[in-house]
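This report refers to the structure that appears directly beneath it.
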Amino acid sequence: MLKQYETVFIATPVLSEQQMKEAVAKYTKLITDNGGEVVYEEDWGLRQLAYPIQHKTSGFYYLIQFQADPSFVEVLETQYFRDERIIRFLTVALDKDAVEYAERRRQNRAKAAAAPKVEEPVAEPVAPVEPIVEDIDDPADAEETNETVNE
């Protein structure tokens, strides 16, 4: 009987985009070659690590949800250990509630991606208001101004 699993692995940050795609293709092919089925994949991209792992402070995160025989998980994790590109991984079996949650999450992401994005209208820049400055060139005018202020 096939169980549903979720695996997340962190690849070293020095990989190019092509090398990262090759690593993902290797593990998805491994799953399908061993009688499993890839249900969902999600690239989380380059993220900062909470603490350094192998003297690295960031890594490429990738999520794969799949269905496979329970004995296959050991084979998958052995391949993770042998691959020097993978610095950390975690594989968990999903119970029925987690499977439902994952399905809802995928549907919500699909709706959000399919929804047309409404652009907000861009307001035109407003010209700065210049302060009104009175120039007093005649000293007689200045005295009149002082008298009106003093009264």
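By convention in this document, the chains of the structure tokens carry letters A, B, ... by their order, each chain's residues are numbered from 1, and ligands are numbered from 1 in the order they are shown.
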>> Just want the 9 Å neighbourhood of stretch 42-56 of chain A, counted on only C-alpha atoms, with same-chain residues fewer than 6 positions away dropped. Output as a PyMOL selection string.
In response: chain A and resi 12-13+62-65+87-88
Could you save those same residues with N, CA and C atoms as an mmCIF file, in the first residue's frame?
data_model
loop_
_atom_site.group_PDB
_atom_site.id
_atom_site.type_symbol
_atom_site.label_atom_id
_atom_site.label_comp_id
_atom_site.auth_asym_id
_atom_site.auth_seq_id
_atom_site.Cartn_x
_atom_site.Cartn_y
_atom_site.Cartn_z
ATOM 1 N N THR A 12 22.981 23.043 -1.190
ATOM 2 C CA THR A 12 24.025 24.035 -0.945
ATOM 3 C C THR A 12 23.796 25.290 -1.812
ATOM 4 N N PRO A 13 24.088 26.467 -1.300
ATOM 5 C CA PRO A 13 23.796 27.708 -2.034
ATOM 6 C C PRO A 13 24.735 27.982 -3.202
ATOM 7 N N TYR A 62 13.600 22.954 -1.257
ATOM 8 C CA TYR A 62 12.707 22.349 -2.246
ATOM 9 C C TYR A 62 11.811 21.334 -1.550
ATOM 10 N N LEU A 63 10.518 21.372 -1.870
ATOM 11 C CA LEU A 63 9.520 20.483 -1.277
ATOM 12 C C LEU A 63 9.005 19.523 -2.342
ATOM 13 N N ILE A 64 8.905 18.242 -1.983
ATOM 14 C CA ILE A 64 8.300 17.246 -2.867
ATOM 15 C C ILE A 64 7.301 16.442 -2.045
ATOM 16 N N GLN A 65 6.055 16.386 -2.498
ATOM 17 C CA GLN A 65 5.054 15.513 -1.891
ATOM 18 C C GLN A 65 4.878 14.338 -2.834
ATOM 19 N N ILE A 87 22.502 19.523 1.987
ATOM 20 C CA ILE A 87 23.093 19.771 3.306
ATOM 21 C C ILE A 87 22.140 19.406 4.451
ATOM 22 N N ARG A 88 20.846 19.298 4.169
ATOM 23 C CA ARG A 88 19.883 18.885 5.197
ATOM 24 C C ARG A 88 18.608 18.423 4.502
#
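Once A:Tyr5 and its same-chain neighbours fewer than 4 positions away are set aside, Val38, Val39, Ile64, Gln65, Phe66, Gln67, Ala68, Asp69, Pro70, Val73, Thr91, Val92, Ala93, Leu94, Asp95, Ala98 and Val99 of chain A remain within 10 Å of it when counting only C-alpha atoms.
Pairwise distance (atom CA of A:Gly59, atom CA of A:Ile10) equals 5.7 Å.
Using only C-alpha atoms, the shortest contact distance between A:Arg105 and any of A:Tyr40, A:Phe89, A:Tyr61, A:Phe72 is found at A:Tyr40.
You will find atom CA of A:Gly36 at 13.3 Å from atom CA of A:Thr7.
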Closest contacts (stretch 23-54 of chain A/stretch 77-86 of chain A, max 10 Å, only C-alpha atoms) as a Markdown table:
| residue | atom | partner | partner_atom | distance |
| --- | --- | --- | --- | --- |
| A:Ala23 | CA | A:Arg85 | CA | 8.0 |
| A:Lys26 | CA | A:Gln79 | CA | 9.8 |
| A:Tyr27 | CA | A:Gln79 | CA | 8.5 |
| A:Leu30 | CA | A:Gln79 | CA | 9.2 |
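Distances from A:Ala115, A:Glu103, A:Leu76, A:Leu15 to A:Lys29 were compared using only C-alpha atoms, and the smallest one belongs to A:Leu76.
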